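Next up, input-v1.tsv (TSV, C-alpha atoms):
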chain	number	residue	atom	x	y	z
A	1	MET	CA	-14.49	8.47	12.81
A	2	GLN	CA	-14.48	8.48	16.58
A	3	ILE	CA	-15.85	12.03	16.85
A	4	LEU	CA	-19.16	11.15	15.20
A	5	GLN	CA	-22.17	9.31	16.54
A	6	VAL	CA	-25.08	7.97	14.53
A	7	LYS	CA	-28.49	8.76	15.97
A	8	ARG	CA	-31.77	7.42	14.56
A	9	ALA	CA	-34.89	9.50	14.75
A	10	GLU	CA	-38.17	7.94	15.83
A	11	SER	CA	-39.17	8.06	12.17
A	12	GLY	CA	-37.10	8.86	9.11
A	13	PRO	CA	-33.46	8.31	8.19
A	14	SER	CA	-30.42	8.18	10.44
A	15	PHE	CA	-28.52	11.39	11.07
A	16	LEU	CA	-25.20	12.27	12.64
A	17	LYS	CA	-25.20	13.86	16.06
A	18	ARG	CA	-22.68	16.63	16.72
A	19	ALA	CA	-19.95	15.81	19.20
A	20	SER	CA	-19.47	17.99	22.27
A	21	THR	CA	-16.85	20.75	22.17
A	22	ASP	CA	-14.86	19.04	24.94
A	23	LYS	CA	-14.78	15.74	23.04
A	24	LEU	CA	-13.76	17.47	19.83
A	25	ARG	CA	-10.99	19.37	21.57
A	26	GLU	CA	-9.71	16.14	23.12
A	27	VAL	CA	-9.50	14.50	19.69
A	28	PHE	CA	-8.01	17.62	18.11
A	29	LEU	CA	-5.23	17.94	20.69
A	30	LYS	CA	-4.38	14.26	20.30
A	31	TYR	CA	-3.28	14.92	16.70
A	32	ALA	CA	-2.31	18.61	16.67
A	33	SER	CA	1.50	18.71	16.57
A	34	TYR	CA	2.14	22.36	15.78
A	35	GLN	CA	1.96	25.36	18.11
A	36	LYS	CA	1.98	29.05	17.27
A	37	ASN	CA	1.47	31.89	19.74
A	38	GLY	CA	0.28	29.38	22.33
A	39	GLU	CA	-2.39	27.92	20.01
A	40	HIS	CA	-2.41	24.34	18.72
A	41	PHE	CA	-2.82	23.49	15.04
A	42	MET	CA	-2.97	20.36	12.92
A	43	THR	CA	-0.59	20.17	9.99
A	44	SER	CA	-1.70	18.58	6.72
A	45	GLU	CA	0.01	15.35	7.74
A	46	ASP	CA	-1.60	15.43	11.19
A	47	PHE	CA	-5.05	15.69	9.65
A	48	VAL	CA	-4.77	13.34	6.68
A	49	ARG	CA	-2.23	10.72	7.73
A	50	LYS	CA	-2.78	10.57	11.50
A	51	PHE	CA	-6.41	11.59	12.06
A	52	LEU	CA	-8.00	10.29	8.84
A	53	GLY	CA	-5.55	7.39	8.53
A	54	LEU	CA	-4.87	7.96	4.81
A	55	PHE	CA	-1.55	7.80	2.96
A	56	THR	CA	0.06	5.91	5.83
A	57	ASP	CA	2.95	4.52	3.76
A	58	ALA	CA	6.32	6.18	4.19
A	59	ALA	CA	6.46	7.03	0.47
A	60	PHE	CA	3.24	9.07	0.50
A	61	ASN	CA	2.35	11.78	-2.02
A	62	ASP	CA	2.85	15.07	-0.19
A	63	GLU	CA	0.82	17.08	-2.70
A	64	SER	CA	-2.17	14.74	-2.35
A	65	VAL	CA	-1.99	15.09	1.43
A	66	ARG	CA	-2.04	18.89	1.16
A	67	LEU	CA	-4.99	18.79	-1.26
A	68	LEU	CA	-7.07	16.62	1.07
A	69	ALA	CA	-6.16	18.73	4.10
A	70	GLY	CA	-7.58	21.70	2.23
A	71	ILE	CA	-11.08	20.32	2.91
A	72	ALA	CA	-10.68	21.33	6.57
A	73	ASP	CA	-8.13	24.11	6.06
A	74	THR	CA	-10.66	26.72	4.94
A	75	SER	CA	-8.20	29.60	5.47
A	76	LYS	CA	-5.78	27.83	3.07
A	77	ASP	CA	-2.78	28.74	5.25
A	78	GLY	CA	-1.48	25.16	5.56
A	79	LEU	CA	-2.63	24.75	9.17
A	80	ILE	CA	-5.91	23.58	10.68
A	81	SER	CA	-7.09	25.40	13.79
A	82	PHE	CA	-9.50	23.98	16.33
A	83	ALA	CA	-12.24	26.23	14.94
A	84	GLU	CA	-11.66	24.79	11.46
A	85	PHE	CA	-11.61	21.25	12.84
A	86	GLN	CA	-14.91	21.91	14.62
A	87	ALA	CA	-16.38	23.31	11.41
A	88	PHE	CA	-15.24	20.19	9.55
A	89	GLU	CA	-17.04	17.97	12.06
A	90	GLY	CA	-20.16	20.07	11.59
A	91	LEU	CA	-19.87	19.73	7.82
A	92	LEU	CA	-19.81	15.93	8.14
A	93	CYS	CA	-23.13	16.06	9.97
A	94	THR	CA	-24.97	17.85	7.14
A	95	PRO	CA	-27.28	15.91	4.78
A	96	ASP	CA	-25.15	16.89	1.76
A	97	ALA	CA	-21.81	16.24	3.47
A	98	LEU	CA	-20.29	14.36	0.50
A	99	TYR	CA	-20.95	17.24	-1.89
A	100	LYS	CA	-19.78	19.85	0.62
A	101	THR	CA	-16.51	18.10	1.34
A	102	ALA	CA	-15.92	17.71	-2.40
A	103	PHE	CA	-16.66	21.41	-2.92
A	104	GLN	CA	-14.14	22.41	-0.27
A	105	LEU	CA	-11.57	20.19	-1.97
A	106	PHE	CA	-12.10	21.95	-5.32
A	107	ASP	CA	-12.46	25.45	-3.83
A	108	ARG	CA	-8.70	25.98	-3.72
A	109	GLN	CA	-8.85	29.67	-2.73
A	110	GLY	CA	-11.60	29.26	-0.14
A	111	ASN	CA	-13.74	31.98	-1.73
A	112	GLY	CA	-16.91	29.94	-2.20
A	113	THR	CA	-16.48	29.29	-5.92
A	114	VAL	CA	-14.72	26.79	-8.17
A	115	SER	CA	-12.89	27.98	-11.27
A	116	TYR	CA	-11.93	25.95	-14.31
A	117	ASP	CA	-8.31	25.98	-13.15
A	118	ASN	CA	-9.35	24.63	-9.73
A	119	PHE	CA	-11.41	21.88	-11.31
A	120	ALA	CA	-8.80	20.88	-13.88
A	121	GLU	CA	-6.00	20.84	-11.30
A	122	ILE	CA	-7.81	18.35	-9.05
A	123	VAL	CA	-9.10	16.15	-11.88
A	124	GLN	CA	-5.63	15.85	-13.43
A	125	LYS	CA	-4.24	14.57	-10.13
A	126	THR	CA	-6.71	11.68	-9.83
A	127	GLU	CA	-5.80	8.06	-10.43
A	128	LEU	CA	-8.76	7.75	-12.80
A	129	HIS	CA	-7.48	10.56	-15.03
A	130	SER	CA	-4.07	8.89	-15.24
A	131	LYS	CA	-5.74	5.70	-16.52
A	132	LEU	CA	-8.54	7.20	-18.62
A	133	PRO	CA	-7.79	10.87	-19.35
A	134	PHE	CA	-10.75	13.25	-19.57
A	135	ARG	CA	-10.66	15.96	-22.26
A	136	LEU	CA	-10.71	19.18	-20.24
A	137	ASP	CA	-11.40	21.26	-23.36
A	138	SER	CA	-14.51	19.24	-24.22
A	139	PRO	CA	-17.93	20.80	-24.94
A	140	PHE	CA	-19.12	19.45	-21.56
A	141	ILE	CA	-16.52	21.52	-19.69
A	142	LYS	CA	-17.28	24.61	-21.76
A	143	ARG	CA	-20.99	24.33	-21.04
A	144	TYR	CA	-20.25	24.66	-17.33
A	145	PHE	CA	-17.29	27.06	-17.33
A	146	GLY	CA	-18.05	29.00	-20.51
A	147	GLU	CA	-16.38	29.04	-23.91
A	148	LYS	CA	-13.33	30.82	-22.46
A	149	LYS	CA	-13.49	28.79	-19.23
A	150	GLN	CA	-13.72	31.91	-17.08
A	151	ARG	CA	-17.08	31.31	-15.42
A	152	LEU	CA	-17.01	30.58	-11.69
A	153	ILE	CA	-19.19	27.81	-10.26
A	154	ASN	CA	-20.96	28.25	-6.90
A	155	TYR	CA	-21.76	25.38	-4.52
A	156	ALA	CA	-25.26	24.60	-5.84
A	157	GLU	CA	-24.00	24.54	-9.43
A	158	PHE	CA	-20.99	22.46	-8.40
A	159	THR	CA	-23.22	19.68	-7.07
A	160	GLN	CA	-24.81	19.34	-10.51
A	161	LEU	CA	-21.43	19.60	-12.24
A	162	LEU	CA	-20.04	16.78	-10.10
A	163	HIS	CA	-23.08	14.57	-10.76
A	164	ASP	CA	-23.01	15.18	-14.51
A	165	PHE	CA	-19.23	14.84	-14.65
A	166	HIS	CA	-19.41	11.23	-13.45
A	167	GLU	CA	-21.90	10.40	-16.21
A	168	GLU	CA	-19.95	12.30	-18.85
A	169	TYR	CA	-16.75	10.55	-17.79
A	170	ALA	CA	-18.22	7.18	-18.73
A	171	MET	CA	-19.20	8.46	-22.19
A	172	GLU	CA	-15.80	10.12	-22.62
A	173	ALA	CA	-14.13	6.82	-21.75
A	174	PHE	CA	-16.25	5.03	-24.37
A	175	ARG	CA	-15.19	7.58	-27.00
A	176	THR	CA	-11.55	7.09	-25.99
A	177	LYS	CA	-11.85	3.31	-26.40
A	178	ASP	CA	-13.63	3.77	-29.75
A	179	PRO	CA	-11.32	6.12	-31.68
A	180	ALA	CA	-12.78	5.06	-35.04
A	181	GLY	CA	-16.29	6.02	-33.95
A	182	SER	CA	-17.74	2.60	-34.77
A	183	GLY	CA	-20.16	2.64	-31.82
A	184	TYR	CA	-18.59	-0.50	-30.35
A	185	ILE	CA	-15.88	-1.33	-27.81
A	186	SER	CA	-14.31	-4.66	-26.91
A	187	PRO	CA	-15.42	-6.67	-23.84
A	188	LEU	CA	-12.06	-5.92	-22.18
A	189	ASP	CA	-12.46	-2.19	-22.80
A	190	PHE	CA	-15.97	-2.39	-21.35
A	191	HIS	CA	-14.52	-4.08	-18.26
A	192	ASP	CA	-11.78	-1.46	-18.01
A	193	ILE	CA	-14.23	1.44	-18.10
A	194	MET	CA	-16.62	-0.07	-15.58
A	195	VAL	CA	-14.03	-1.04	-12.97
A	196	ASN	CA	-12.44	2.40	-13.17
A	197	VAL	CA	-15.34	4.81	-13.70
A	198	LYS	CA	-18.21	2.92	-12.01
A	199	ARG	CA	-16.42	0.70	-9.51
A	200	HIS	CA	-18.23	2.30	-6.54
A	201	LEU	CA	-21.49	0.86	-7.93
A	202	LEU	CA	-20.25	-2.69	-8.53
A	203	THR	CA	-20.08	-5.68	-6.22
A	204	ALA	CA	-17.09	-8.02	-6.45
A	205	ASP	CA	-19.19	-10.72	-8.16
A	206	VAL	CA	-20.38	-8.36	-10.88
A	207	LYS	CA	-16.85	-7.05	-11.47
A	208	ASP	CA	-15.72	-10.63	-12.02
A	209	ASN	CA	-18.49	-11.25	-14.58
A	210	LEU	CA	-18.36	-8.06	-16.66
A	211	VAL	CA	-16.66	-9.82	-19.56
A	212	ALA	CA	-18.76	-12.96	-19.17
A	213	ILE	CA	-22.08	-11.13	-19.69
A	214	THR	CA	-20.88	-9.84	-23.06
A	215	GLU	CA	-20.47	-13.48	-24.20
A	216	GLY	CA	-17.37	-12.41	-26.11
A	217	HIS	CA	-19.27	-9.95	-28.31
A	218	LYS	CA	-18.38	-6.30	-28.79
A	219	VAL	CA	-20.33	-3.90	-26.60
A	220	SER	CA	-22.48	-1.37	-28.45
A	221	PHE	CA	-22.98	2.19	-27.23
A	222	PRO	CA	-26.70	1.61	-26.47
A	223	TYR	CA	-25.81	-1.45	-24.38
A	224	PHE	CA	-23.09	0.54	-22.61
A	225	MET	CA	-25.51	3.38	-21.78
A	226	ALA	CA	-28.19	0.95	-20.60
A	227	PHE	CA	-25.68	-0.76	-18.32
A	228	THR	CA	-24.56	2.51	-16.73
A	229	SER	CA	-28.19	3.61	-16.36
A	230	LEU	CA	-28.99	0.33	-14.62
A	231	LEU	CA	-26.16	0.92	-12.15
A	232	ASN	CA	-27.50	4.38	-11.37
A	233	ASN	CA	-31.10	3.22	-10.97
A	234	MET	CA	-30.87	0.19	-8.70
A	235	GLU	CA	-33.07	1.83	-6.05
A	236	LEU	CA	-35.74	2.33	-8.72
A	237	ILE	CA	-35.31	-1.30	-9.83
A	238	LYS	CA	-35.96	-2.38	-6.25
A	239	ARG	CA	-39.19	-0.37	-6.16
A	240	ILE	CA	-40.29	-1.96	-9.43
A	241	TYR	CA	-39.54	-5.40	-8.00
A	242	LEU	CA	-41.62	-4.67	-4.89
A	243	HIS	CA	-44.44	-3.45	-7.14
A	244	ALA	CA	-44.26	-6.70	-9.13
A	245	THR	CA	-44.32	-8.85	-5.97
A	246	GLN	CA	-46.85	-6.67	-4.12
A	247	GLY	CA	-44.33	-5.92	-1.40
A	248	ASN	CA	-42.89	-9.43	-0.99
A	249	ARG	CA	-39.11	-9.05	-0.60
A	250	THR	CA	-38.14	-12.66	-1.34
A	251	GLU	CA	-40.49	-13.80	-4.13
A	252	PRO	CA	-38.74	-14.55	-7.45
A	253	VAL	CA	-39.98	-12.72	-10.56
A	254	THR	CA	-39.55	-13.55	-14.24
A	255	LYS	CA	-38.29	-11.12	-16.84
A	256	ASP	CA	-41.78	-10.60	-18.25
A	257	GLU	CA	-43.22	-9.89	-14.80
A	258	LEU	CA	-40.52	-7.33	-14.02
A	259	LEU	CA	-40.80	-5.77	-17.48
A	260	TYR	CA	-44.56	-5.42	-17.09
A	261	ALA	CA	-44.12	-3.73	-13.70
A	262	ALA	CA	-41.43	-1.44	-15.14
A	263	GLN	CA	-43.87	0.04	-17.64
A	264	THR	CA	-45.32	2.16	-14.83
A	265	MET	CA	-41.92	3.89	-14.52
A	266	SER	CA	-40.65	5.04	-17.89
A	267	GLN	CA	-37.05	5.58	-16.71
A	268	ILE	CA	-36.31	1.84	-17.02
A	269	THR	CA	-35.99	0.40	-20.53
A	270	PRO	CA	-36.43	-3.19	-21.76
A	271	LEU	CA	-32.71	-3.28	-22.54
A	272	GLU	CA	-31.90	-2.49	-18.90
A	273	ILE	CA	-34.18	-5.34	-17.80
A	274	ASP	CA	-32.41	-7.65	-20.27
A	275	ILE	CA	-29.04	-6.71	-18.77
A	276	LEU	CA	-30.34	-7.27	-15.23
A	277	PHE	CA	-31.34	-10.82	-16.14
A	278	GLN	CA	-28.06	-11.40	-17.98
A	279	LEU	CA	-26.29	-10.54	-14.74
A	280	THR	CA	-28.60	-12.82	-12.79
A	281	GLY	CA	-27.94	-15.66	-15.22
A	282	ALA	CA	-24.17	-15.14	-15.08
A	283	LEU	CA	-24.12	-15.03	-11.29
A	284	HIS	CA	-26.79	-17.57	-10.34
A	285	HIS	CA	-27.69	-19.48	-13.52
A	286	THR	CA	-31.40	-18.75	-13.13
A	287	GLY	CA	-34.09	-17.20	-15.29
A	288	TRP	CA	-35.58	-15.14	-12.50
A	289	TRP	CA	-34.49	-12.25	-10.31
A	290	ARG	CA	-34.78	-11.74	-6.57
A	291	ARG	CA	-34.16	-8.43	-4.84
A	292	LYS	CA	-31.81	-9.67	-2.15
A	293	LYS	CA	-29.35	-10.93	-4.76
A	294	PHE	CA	-28.33	-7.34	-5.47
A	295	GLU	CA	-29.15	-5.68	-2.17
A	296	ALA	CA	-25.76	-4.77	-0.70
A	297	ASN	CA	-25.02	-1.06	-0.43
A	298	ARG	CA	-27.19	-0.03	-3.39
A	299	GLN	CA	-24.71	-1.76	-5.66
A	300	VAL	CA	-25.43	-4.08	-8.54
Could you render the structure from this file as structure tokens?
Amino acid sequence: MQILQVKRAESGPSFLKRASTDKLREVFLKYASYQKNGEHFMTSEDFVRKFLGLFTDAAFNDESVRLLAGIADTSKDGLISFAEFQAFEGLLCTPDALYKTAFQLFDRQGNGTVSYDNFAEIVQKTELHSKLPFRLDSPFIKRYFGEKKQRLINYAEFTQLLHDFHEEYAMEAFRTKDPAGSGYISPLDFHDIMVNVKRHLLTADVKDNLVAITEGHKVSFPYFMAFTSLLNNMELIKRIYLHATQGNRTEPVTKDELLYAAQTMSQITPLEIDILFQLTGALHHTGWWRRKKFEANRQV
């Protein structure tokens, strides 16, 4: 977005520098199309379609636009004031911006909590839910919202709910694809789950080879869990690789060398290492792994 600047500290990670009030007001007035009592406001369409550049097609989903605008519309009155726009920019500069924006999306009443009804309403409107429905009366949901689903979730608890929900969704999808409870799903079902539930962790090459790595065999639940764990732990895999190569970022390692180095970090299992080398073999036809092959954007 044009209102944000990335600034790098002398040491440590990059952070976002707040824009000046004058610059923010200039951007705000460029998109604010509604006036009331002499004050300018952004409508939901101004904010989502014009400023964010989302849902630009003529046949856009009006309800989705209103839901997304609710991230900035903290008063929930359907209009975004300059003060709310400025607060939104400040939110984007926080270290936990992704979780905070998600929380404001789910906090439909703007009271600092998320109810079961809030959560279910948003989930049911997602494209993922339309393809792979999530059971909203499952034990997972009841553990967070209570047996009667009346417990309210605050922001800190919501961050854990959102994290665990992504992991639970993958297991729920496996159960959906395995109605008989055999503990196996087909290669095509495995592909379907991964490209829908875990697509943000996959590179294009890996997406194209998801069926190939199964070699036509059914995918067991342990294999499925190891694969999802591998996706979630690529940063840890990189550290193990650097440990195995003593800091060399380009030296190839064999499976045994990587497995030996992984024993110092018990989160990585031999099955996950096997899958990593299956992917390497499918993509590059080699029996060794090099870090830069899977470097882009923390994806596999």
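Summary of the local environment: counting all atoms listed in the file, residues at most 9 Å from Met225 in chain A, other than itself and those fewer than 5 positions away along its chain, are Ala170, Met171, Ser220 and Leu230 of chain A.
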To one decimal place in Å, what is the distance between CA of Pro252 in chain A and CA of Phe277 in chain A? 12.0 Å
Met42 in chain A surroundings by all atoms listed in the file, 8 Å radius, close-in-sequence under 6 positions cut, as a PyMOL selection string: chain A and resi 28+31-34+79-81
Write out as a PyMOL selection string each polymer residue whose atoms come within 10 Å of Ser115 in chain A, counting only C-alpha atoms; drop sequence neighbours fewer than 3 positions from it. chain A and resi 106-109+118-121+145+149-154
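The smallest atom-to-atom distance between Ala262 in chain A and any of A:Lys36, A:Lys207, A:Arg249, A:Lys238, using only C-alpha atoms, is found for A:Lys238.
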Which residue of A:Gln263, A:Leu279, A:Phe174, A:Asp192 approaches Thr214 in chain A most closely, using all atoms listed in the file: A:Leu279
So how many Å separate CA of Arg175 in chain A and CA of Phe221 in chain A, to one decimal? 9.5 Å
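Across the model, the gap from CA of Thr94 in chain A to CA of Thr43 in chain A is 24.7 Å.
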Neighbour list for range 86-89 of chain A as a PyMOL selection string, cut-off 12 Å, all atoms listed in the file, skip fewer than 2 positions in-chain: chain A and resi 1-5+16-28+47+69-75+80-84+91-94+97-98+100-101+104
For range 169-204 of chain A, supply N, CA and C atoms and format the output as a tab-separated table (two decimals), in the coordinates of the input.
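File rebuild.tsv, as written:
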chain	number	residue	atom	x	y	z
A	169	TYR	N	-18.03	11.25	-17.79
A	169	TYR	CA	-16.75	10.55	-17.79
A	169	TYR	C	-16.90	9.16	-18.43
A	170	ALA	N	-18.00	8.50	-18.14
A	170	ALA	CA	-18.22	7.18	-18.73
A	170	ALA	C	-18.33	7.29	-20.25
A	171	MET	N	-19.06	8.29	-20.73
A	171	MET	CA	-19.20	8.46	-22.19
A	171	MET	C	-17.87	8.87	-22.82
A	172	GLU	N	-17.12	9.72	-22.12
A	172	GLU	CA	-15.80	10.12	-22.62
A	172	GLU	C	-14.88	8.92	-22.71
A	173	ALA	N	-14.95	8.03	-21.72
A	173	ALA	CA	-14.13	6.82	-21.75
A	173	ALA	C	-14.51	5.93	-22.92
A	174	PHE	N	-15.82	5.83	-23.22
A	174	PHE	CA	-16.25	5.03	-24.37
A	174	PHE	C	-15.67	5.61	-25.65
A	175	ARG	N	-15.73	6.94	-25.79
A	175	ARG	CA	-15.19	7.58	-27.00
A	175	ARG	C	-13.69	7.32	-27.11
A	176	THR	N	-13.00	7.34	-25.97
A	176	THR	CA	-11.55	7.09	-25.99
A	176	THR	C	-11.23	5.68	-26.46
A	177	LYS	N	-12.06	4.71	-26.03
A	177	LYS	CA	-11.85	3.31	-26.40
A	177	LYS	C	-12.35	3.01	-27.81
A	178	ASP	N	-13.08	3.95	-28.40
A	178	ASP	CA	-13.63	3.77	-29.75
A	178	ASP	C	-13.16	4.90	-30.66
A	179	PRO	N	-11.85	4.99	-30.90
A	179	PRO	CA	-11.32	6.12	-31.68
A	179	PRO	C	-11.85	6.19	-33.10
A	180	ALA	N	-12.27	5.05	-33.66
A	180	ALA	CA	-12.78	5.06	-35.04
A	180	ALA	C	-14.23	5.50	-35.11
A	181	GLY	N	-14.89	5.60	-33.96
A	181	GLY	CA	-16.29	6.02	-33.95
A	181	GLY	C	-17.24	4.97	-34.48
A	182	SER	N	-16.91	3.70	-34.26
A	182	SER	CA	-17.74	2.60	-34.77
A	182	SER	C	-19.01	2.38	-33.95
A	183	GLY	N	-19.02	2.89	-32.71
A	183	GLY	CA	-20.16	2.64	-31.82
A	183	GLY	C	-20.02	1.36	-31.04
A	184	TYR	N	-18.84	0.75	-31.07
A	184	TYR	CA	-18.59	-0.50	-30.35
A	184	TYR	C	-17.24	-0.42	-29.62
A	185	ILE	N	-17.16	-1.13	-28.50
A	185	ILE	CA	-15.88	-1.33	-27.81
A	185	ILE	C	-15.74	-2.82	-27.49
A	186	SER	N	-14.54	-3.25	-27.21
A	186	SER	CA	-14.31	-4.66	-26.91
A	186	SER	C	-14.79	-4.99	-25.49
A	187	PRO	N	-15.04	-6.27	-25.20
A	187	PRO	CA	-15.42	-6.67	-23.84
A	187	PRO	C	-14.39	-6.24	-22.79
A	188	LEU	N	-13.11	-6.31	-23.13
A	188	LEU	CA	-12.06	-5.92	-22.18
A	188	LEU	C	-12.06	-4.42	-21.94
A	189	ASP	N	-12.35	-3.63	-22.98
A	189	ASP	CA	-12.46	-2.19	-22.80
A	189	ASP	C	-13.68	-1.85	-21.95
A	190	PHE	N	-14.76	-2.57	-22.16
A	190	PHE	CA	-15.97	-2.39	-21.35
A	190	PHE	C	-15.65	-2.66	-19.88
A	191	HIS	N	-14.94	-3.74	-19.62
A	191	HIS	CA	-14.52	-4.08	-18.26
A	191	HIS	C	-13.65	-2.98	-17.68
A	192	ASP	N	-12.71	-2.49	-18.46
A	192	ASP	CA	-11.78	-1.46	-18.01
A	192	ASP	C	-12.52	-0.19	-17.60
A	193	ILE	N	-13.47	0.22	-18.41
A	193	ILE	CA	-14.23	1.44	-18.10
A	193	ILE	C	-15.05	1.26	-16.82
A	194	MET	N	-15.74	0.14	-16.72
A	194	MET	CA	-16.62	-0.07	-15.58
A	194	MET	C	-15.86	-0.15	-14.26
A	195	VAL	N	-14.75	-0.88	-14.24
A	195	VAL	CA	-14.03	-1.04	-12.97
A	195	VAL	C	-13.29	0.23	-12.58
A	196	ASN	N	-13.10	1.14	-13.50
A	196	ASN	CA	-12.44	2.40	-13.17
A	196	ASN	C	-13.42	3.54	-12.93
A	197	VAL	N	-14.42	3.67	-13.80
A	197	VAL	CA	-15.34	4.81	-13.70
A	197	VAL	C	-16.53	4.51	-12.78
A	198	LYS	N	-17.00	3.26	-12.76
A	198	LYS	CA	-18.21	2.92	-12.01
A	198	LYS	C	-17.96	1.89	-10.90
A	199	ARG	N	-16.74	1.77	-10.46
A	199	ARG	CA	-16.42	0.70	-9.51
A	199	ARG	C	-17.16	0.85	-8.19
A	200	HIS	N	-17.51	2.10	-7.79
A	200	HIS	CA	-18.23	2.30	-6.54
A	200	HIS	C	-19.65	1.76	-6.59
A	201	LEU	N	-20.14	1.40	-7.78
A	201	LEU	CA	-21.49	0.86	-7.93
A	201	LEU	C	-21.50	-0.64	-8.20
A	202	LEU	N	-20.35	-1.28	-8.17
A	202	LEU	CA	-20.25	-2.69	-8.53
A	202	LEU	C	-19.87	-3.54	-7.32
A	203	THR	N	-20.52	-4.69	-7.20
A	203	THR	CA	-20.08	-5.68	-6.22
A	203	THR	C	-18.92	-6.47	-6.82
A	204	ALA	N	-18.22	-7.21	-5.98
A	204	ALA	CA	-17.09	-8.02	-6.45
A	204	ALA	C	-17.54	-9.06	-7.47
